[in-house]
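Text of query-v3.cif (mmCIF, C-alpha atoms) as supplied:
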data_start
#
loop_
_atom_site.group_PDB
_atom_site.id
_atom_site.type_symbol
_atom_site.label_atom_id
_atom_site.label_comp_id
_atom_site.auth_asym_id
_atom_site.auth_seq_id
_atom_site.Cartn_x
_atom_site.Cartn_y
_atom_site.Cartn_z
ATOM 1 C CA MET A 1 0.000 0.000 0.000
ATOM 2 C CA ILE A 2 1.325 3.451 -0.950
ATOM 3 C CA LEU A 3 0.952 5.993 1.835
ATOM 4 C CA SER A 4 -1.218 9.036 1.146
ATOM 5 C CA HIS A 5 -0.451 12.599 2.251
ATOM 6 C CA ASP A 6 -2.245 12.174 5.585
ATOM 7 C CA GLN A 7 -0.676 8.739 6.182
ATOM 8 C CA ILE A 8 2.805 10.167 5.513
ATOM 9 C CA LYS A 9 2.182 12.963 8.027
ATOM 10 C CA GLU A 10 0.896 10.431 10.567
ATOM 11 C CA ALA A 11 3.962 8.183 10.058
ATOM 12 C CA ILE A 12 6.211 11.222 10.574
ATOM 13 C CA GLU A 13 4.377 12.092 13.810
ATOM 14 C CA LYS A 14 4.759 8.471 15.022
ATOM 15 C CA GLY A 15 8.476 8.440 14.186
ATOM 16 C CA GLU A 16 8.130 5.756 11.498
ATOM 17 C CA ILE A 17 9.423 8.238 8.914
ATOM 18 C CA PHE A 18 12.090 10.836 9.706
ATOM 19 C CA ILE A 19 13.079 13.568 7.226
ATOM 20 C CA ASP A 20 15.409 16.414 8.198
ATOM 21 C CA PRO A 21 14.980 19.127 7.187
ATOM 22 C CA LEU A 22 11.307 18.609 6.405
ATOM 23 C CA ASP A 23 9.441 21.162 4.337
ATOM 24 C CA GLU A 24 5.739 20.517 5.025
ATOM 25 C CA GLY A 25 4.975 21.882 1.547
ATOM 26 C CA ALA A 26 7.073 19.084 0.025
ATOM 27 C CA ILE A 27 4.522 16.473 1.097
ATOM 28 C CA GLY A 28 2.414 15.735 -1.958
ATOM 29 C CA PRO A 29 -0.664 13.530 -2.485
ATOM 30 C CA CYS A 30 1.422 10.333 -2.077
ATOM 31 C CA SER A 31 5.099 11.323 -1.968
ATOM 32 C CA VAL A 32 7.623 13.752 -0.510
ATOM 33 C CA ASP A 33 9.827 15.908 -2.737
ATOM 34 C CA LEU A 34 13.520 15.795 -1.843
ATOM 35 C CA THR A 35 16.170 18.348 -2.759
ATOM 36 C CA LEU A 36 19.755 18.293 -3.973
ATOM 37 C CA SER A 37 22.734 18.880 -1.676
ATOM 38 C CA ASP A 38 25.930 20.650 -2.722
ATOM 39 C CA LYS A 39 28.225 17.588 -2.636
ATOM 40 C CA PHE A 40 29.016 15.602 -5.769
ATOM 41 C CA THR A 41 31.351 12.766 -6.713
ATOM 42 C CA VAL A 42 32.976 13.312 -10.099
ATOM 43 C CA PHE A 43 34.759 10.492 -11.934
ATOM 44 C CA LYS A 44 38.074 10.991 -13.729
ATOM 45 C CA THR A 45 37.882 10.167 -17.424
ATOM 46 C CA GLY A 46 39.903 7.534 -19.244
ATOM 47 C CA LYS A 47 40.034 5.023 -16.397
ATOM 48 C CA LEU A 48 38.801 1.450 -16.640
ATOM 49 C CA PHE A 49 36.509 0.642 -13.732
ATOM 50 C CA SER A 50 35.616 -2.800 -12.437
ATOM 51 C CA PRO A 51 32.499 -3.240 -10.302
ATOM 52 C CA LEU A 52 34.538 -5.751 -8.277
ATOM 53 C CA ASN A 53 37.132 -3.152 -7.244
ATOM 54 C CA ARG A 54 35.349 -0.285 -5.480
ATOM 55 C CA ASP A 55 38.603 1.021 -4.023
ATOM 56 C CA ALA A 56 40.061 1.598 -7.509
ATOM 57 C CA VAL A 57 36.890 3.407 -8.569
ATOM 58 C CA ARG A 58 37.070 5.597 -5.464
ATOM 59 C CA ALA A 59 40.745 6.332 -6.173
ATOM 60 C CA HIS A 60 39.748 7.725 -9.581
ATOM 61 C CA SER A 61 36.950 9.947 -8.336
ATOM 62 C CA GLU A 62 36.852 13.268 -6.558
ATOM 63 C CA LEU A 63 34.428 14.732 -4.030
ATOM 64 C CA VAL A 64 33.350 18.245 -5.018
ATOM 65 C CA ASP A 65 31.668 20.517 -2.481
ATOM 66 C CA THR A 66 30.221 23.557 -4.262
ATOM 67 C CA ASN A 67 29.447 25.336 -0.965
ATOM 68 C CA GLY A 68 25.930 26.101 -2.141
ATOM 69 C CA GLN A 69 26.922 27.148 -5.657
ATOM 70 C CA PRO A 70 25.565 25.444 -8.814
ATOM 71 C CA PHE A 71 27.369 22.466 -10.328
ATOM 72 C CA THR A 72 27.572 22.394 -14.129
ATOM 73 C CA LEU A 73 26.831 18.937 -15.520
ATOM 74 C CA SER A 74 28.323 18.442 -18.990
ATOM 75 C CA PRO A 75 26.666 16.511 -21.836
ATOM 76 C CA GLY A 76 27.255 12.774 -21.351
ATOM 77 C CA GLN A 77 28.640 13.279 -17.836
ATOM 78 C CA PHE A 78 27.748 10.896 -14.995
ATOM 79 C CA ILE A 79 28.162 11.948 -11.361
ATOM 80 C CA LEU A 80 26.908 11.015 -7.925
ATOM 81 C CA GLY A 81 24.958 13.509 -5.846
ATOM 82 C CA GLN A 82 22.921 13.263 -2.698
ATOM 83 C CA THR A 83 19.796 14.566 -1.115
ATOM 84 C CA LYS A 84 20.000 17.511 1.228
ATOM 85 C CA GLU A 85 17.542 15.724 3.506
ATOM 86 C CA LYS A 86 18.535 12.965 5.889
ATOM 87 C CA ILE A 87 16.112 10.052 5.978
ATOM 88 C CA ALA A 88 15.213 7.251 8.382
ATOM 89 C CA ILE A 89 12.360 4.782 7.989
ATOM 90 C CA SER A 90 11.080 2.070 10.273
ATOM 91 C CA LYS A 91 11.180 -1.622 9.478
ATOM 92 C CA ARG A 92 7.474 -1.403 8.595
ATOM 93 C CA ILE A 93 8.006 0.978 5.653
ATOM 94 C CA ALA A 94 9.934 0.886 2.370
ATOM 95 C CA GLY A 95 10.498 3.742 -0.027
ATOM 96 C CA THR A 96 10.836 4.017 -3.779
ATOM 97 C CA LEU A 97 12.515 6.923 -5.498
ATOM 98 C CA GLU A 98 11.429 8.614 -8.694
ATOM 99 C CA GLY A 99 13.139 11.460 -10.511
ATOM 100 C CA ARG A 100 11.052 14.578 -10.978
ATOM 101 C CA SER A 101 9.639 15.161 -14.450
ATOM 102 C CA SER A 102 10.753 18.814 -14.385
ATOM 103 C CA VAL A 103 14.357 17.602 -14.136
ATOM 104 C CA ALA A 104 13.897 14.789 -16.674
ATOM 105 C CA ARG A 105 12.583 17.291 -19.227
ATOM 106 C CA LEU A 106 15.987 18.977 -19.083
ATOM 107 C CA GLY A 107 17.609 15.716 -20.178
ATOM 108 C CA ILE A 108 18.815 14.876 -16.673
ATOM 109 C CA VAL A 109 18.331 11.279 -15.609
ATOM 110 C CA VAL A 110 18.244 10.866 -11.825
ATOM 111 C CA HIS A 111 18.315 7.382 -10.430
ATOM 112 C CA ALA A 112 18.755 6.476 -6.810
ATOM 113 C CA ALA A 113 18.907 2.701 -6.781
ATOM 114 C CA GLY A 114 15.119 2.837 -6.743
ATOM 115 C CA LEU A 115 14.552 1.223 -3.350
ATOM 116 C CA VAL A 116 14.997 2.556 0.160
ATOM 117 C CA ASN A 117 14.966 -0.589 2.274
ATOM 118 C CA PRO A 118 12.988 -0.895 5.495
ATOM 119 C CA GLY A 119 15.179 0.128 8.424
ATOM 120 C CA THR A 120 17.316 2.558 6.404
ATOM 121 C CA GLY A 121 18.709 5.289 8.641
ATOM 122 C CA LEU A 122 17.703 3.614 11.898
ATOM 123 C CA ASN A 123 21.271 3.734 13.248
ATOM 124 C CA LYS A 124 21.886 7.203 11.855
ATOM 125 C CA PRO A 125 19.611 9.140 9.483
ATOM 126 C CA THR A 126 21.242 9.239 6.081
ATOM 127 C CA GLN A 127 21.301 11.275 2.916
ATOM 128 C CA LEU A 128 20.357 9.288 -0.171
ATOM 129 C CA THR A 129 22.927 8.925 -2.951
ATOM 130 C CA LEU A 130 21.760 9.858 -6.441
ATOM 131 C CA GLU A 131 23.126 8.685 -9.781
ATOM 132 C CA ILE A 132 22.849 11.660 -12.153
ATOM 133 C CA PHE A 133 23.458 11.616 -15.929
ATOM 134 C CA CYS A 134 23.137 14.364 -18.547
ATOM 135 C CA GLN A 135 21.718 13.057 -21.809
ATOM 136 C CA LEU A 136 21.168 16.543 -23.207
ATOM 137 C CA ASN A 137 23.589 18.023 -25.756
ATOM 138 C CA ASN A 138 23.967 21.131 -23.592
ATOM 139 C CA PRO A 139 25.444 21.616 -20.119
ATOM 140 C CA VAL A 140 22.897 21.944 -17.322
ATOM 141 C CA GLN A 141 23.275 23.579 -13.928
ATOM 142 C CA LEU A 142 22.395 21.531 -10.873
ATOM 143 C CA ILE A 143 21.441 23.965 -8.151
ATOM 144 C CA PRO A 144 21.732 22.917 -4.502
ATOM 145 C CA GLY A 145 18.303 22.988 -2.901
ATOM 146 C CA MET A 146 16.440 22.315 -6.162
ATOM 147 C CA GLY A 147 13.779 19.597 -6.154
ATOM 148 C CA ILE A 148 15.529 16.556 -7.612
ATOM 149 C CA LEU A 149 13.343 13.538 -6.865
ATOM 150 C CA GLN A 150 10.480 12.246 -4.800
ATOM 151 C CA ILE A 151 10.175 9.406 -2.332
ATOM 152 C CA ILE A 152 7.069 7.248 -2.253
ATOM 153 C CA PHE A 153 6.443 5.313 0.946
ATOM 154 C CA HIS A 154 4.976 1.793 1.052
ATOM 155 C CA GLN A 155 3.540 0.113 4.138
ATOM 156 C CA LEU A 156 4.803 -3.482 4.464
ATOM 157 C CA SER A 157 2.331 -6.239 5.294
ATOM 158 C CA SER A 158 4.535 -7.073 8.305
ATOM 159 C CA GLU A 159 7.683 -5.637 9.836
ATOM 160 C CA ALA A 160 10.959 -6.625 8.173
ATOM 161 C CA ARG A 161 12.837 -9.129 10.319
ATOM 162 C CA ILE A 162 16.067 -7.212 9.873
ATOM 163 C CA GLY A 163 16.429 -3.611 8.750
ATOM 164 C CA TYR A 164 18.939 -2.298 6.222
ATOM 165 C CA ASP A 165 21.145 -0.655 8.874
ATOM 166 C CA GLU A 166 21.175 -3.886 10.896
ATOM 167 C CA ARG A 167 22.519 -6.110 8.094
ATOM 168 C CA SER A 168 26.256 -6.781 8.189
ATOM 169 C CA THR A 169 26.290 -6.862 4.369
ATOM 170 C CA SER A 170 24.809 -3.364 3.890
ATOM 171 C CA HIS A 171 27.391 -1.130 2.169
ATOM 172 C CA TYR A 172 25.924 2.342 2.585
ATOM 173 C CA VAL A 173 24.905 2.791 6.215
ATOM 174 C CA GLY A 174 25.074 6.383 7.510
ATOM 175 C CA LEU A 175 26.665 7.963 4.445
ATOM 176 C CA GLU A 176 27.713 11.588 4.706
ATOM 177 C CA LYS A 177 29.003 11.932 1.144
ATOM 178 C CA PRO A 178 28.031 10.415 -2.188
ATOM 179 C CA ILE A 179 30.335 7.424 -2.759
ATOM 180 C CA ILE A 180 30.328 4.334 -4.922
#

Translate the structure described by the file into structure tokens.
Amino acid sequence: MILSHDQIKEAIEKGEIFIDPLDEGAIGPCSVDLTLSDKFTVFKTGKLFSPLNRDAVRAHSELVDTNGQPFTLSPGQFILGQTKEKIAISKRIAGTLEGRSSVARLGIVVHAAGLVNPGTGLNKPTQLTLEIFCQLNNPVQLIPGMGILQIIFHQLSSEARIGYDERSTSHYVGLEKPII
């Protein structure tokens, strides 16, 4: 079941959903709009990456903090970003992420692994990492604080036995910067 506006507000009041900072106006009919932070991971060109060697990929990337200034995304460029908001959800709720159409119409594809597992952020509320790609033939500015995607919350039929933050195999618990 997808949570409606009133159900989202109720889950926030009960502590089943935590969003900080929360803009009450960002709560829509069945989702919450999330905004872009000012930290980005940029990959160096010309390097061969293996998905089995994350350390090598990290060695050939750079964290860029724009200190609130826009980031110019070049045509064909892929970067990682993150939400400004920190999120935590109970083991009774999952989230799905969808890019905003206003951003997609600029040729910017925003993907965020699609699923926010139950129990994400329980140990420490976390910013969500975003995979961002420019498929437009023109550069586009990404402006910190702009609406970048929305999160849709789903009520589980029963509580997850183990939450994302509780799993020893979870890679991205409590992230403070967008990393691979």

(message) Suppose a student applies the PyMOL selection byres ((chain A and resi 40-55) around 7) to this structure; what residues should they get, written as a PyMOL selection string?
(response) chain A and resi 38-39+56-65+79-81+178-180

I need the residue set behind the PyMOL selection byres ((chain A and resi 105-112) around 12) for this file; please write it as a tab-separated table (two decimals) with C-alpha atoms, keeping the file's coordinate frame.
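Full text of expr-v5.tsv as output:
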chain	number	residue	atom	x	y	z
A	34	LEU	CA	13.52	15.80	-1.84
A	35	THR	CA	16.17	18.35	-2.76
A	36	LEU	CA	19.76	18.29	-3.97
A	72	THR	CA	27.57	22.39	-14.13
A	73	LEU	CA	26.83	18.94	-15.52
A	74	SER	CA	28.32	18.44	-18.99
A	75	PRO	CA	26.67	16.51	-21.84
A	76	GLY	CA	27.26	12.77	-21.35
A	77	GLN	CA	28.64	13.28	-17.84
A	78	PHE	CA	27.75	10.90	-15.00
A	79	ILE	CA	28.16	11.95	-11.36
A	80	LEU	CA	26.91	11.02	-7.92
A	81	GLY	CA	24.96	13.51	-5.85
A	82	GLN	CA	22.92	13.26	-2.70
A	83	THR	CA	19.80	14.57	-1.12
A	95	GLY	CA	10.50	3.74	-0.03
A	96	THR	CA	10.84	4.02	-3.78
A	97	LEU	CA	12.52	6.92	-5.50
A	98	GLU	CA	11.43	8.61	-8.69
A	99	GLY	CA	13.14	11.46	-10.51
A	100	ARG	CA	11.05	14.58	-10.98
A	101	SER	CA	9.64	15.16	-14.45
A	102	SER	CA	10.75	18.81	-14.38
A	103	VAL	CA	14.36	17.60	-14.14
A	104	ALA	CA	13.90	14.79	-16.67
A	113	ALA	CA	18.91	2.70	-6.78
A	114	GLY	CA	15.12	2.84	-6.74
A	115	LEU	CA	14.55	1.22	-3.35
A	116	VAL	CA	15.00	2.56	0.16
A	127	GLN	CA	21.30	11.28	2.92
A	128	LEU	CA	20.36	9.29	-0.17
A	129	THR	CA	22.93	8.93	-2.95
A	130	LEU	CA	21.76	9.86	-6.44
A	131	GLU	CA	23.13	8.68	-9.78
A	132	ILE	CA	22.85	11.66	-12.15
A	133	PHE	CA	23.46	11.62	-15.93
A	134	CYS	CA	23.14	14.36	-18.55
A	135	GLN	CA	21.72	13.06	-21.81
A	136	LEU	CA	21.17	16.54	-23.21
A	137	ASN	CA	23.59	18.02	-25.76
A	138	ASN	CA	23.97	21.13	-23.59
A	139	PRO	CA	25.44	21.62	-20.12
A	140	VAL	CA	22.90	21.94	-17.32
A	141	GLN	CA	23.28	23.58	-13.93
A	142	LEU	CA	22.40	21.53	-10.87
A	147	GLY	CA	13.78	19.60	-6.15
A	148	ILE	CA	15.53	16.56	-7.61
A	149	LEU	CA	13.34	13.54	-6.86
A	150	GLN	CA	10.48	12.25	-4.80
A	151	ILE	CA	10.18	9.41	-2.33
A	178	PRO	CA	28.03	10.42	-2.19
A	180	ILE	CA	30.33	4.33	-4.92

(request) On this file, the PyMOL selection byres ((chain A and resi 122) around 12) gives some set of residues; write that set as number ranges by chain. (result) A: 15-19, 86-93, 117-121, 123-126, 162-167, 173-174

(message) Please compute the CA of Val32 (chain A)-CA of Asp20 (chain A) distance, one decimal, in Å.
(response) 12.0 Å

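If all atoms listed in the file are the atoms counted, then among A:Ser158, A:Gly145, A:Pro21, A:Phe153 the closest residue to Phe71 (chain A) is A:Gly145.
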
(message) Rounded to one decimal, what separation in Å do you get between CA of Pro29 (chain A) and CA of Gln7 (chain A)?
(response)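 Atom-to-atom, CA of Pro29 (chain A) to CA of Gln7 (chain A), that is 9.9 Å.
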
(request) Mind giving me the straight-line distance from CA of Ser157 (chain A) to CA of Lys14 (chain A) in Å, one decimal? (result) 17.8 Å

(request) Check the smallest atom-to-atom distance from each of A:Leu22, A:Cys30, A:His154, A:Gln69 to Lys84 (chain A) using all atoms listed in the file, then report the winner. (result) A:Leu22

(message) Here is a test: counting only C-alpha atoms, which residue of A:Glu85, A:Gly25, A:Ser31, A:Leu156 is nearest to His5 (chain A)?
(response)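 Closest candidate: A:Ser31.
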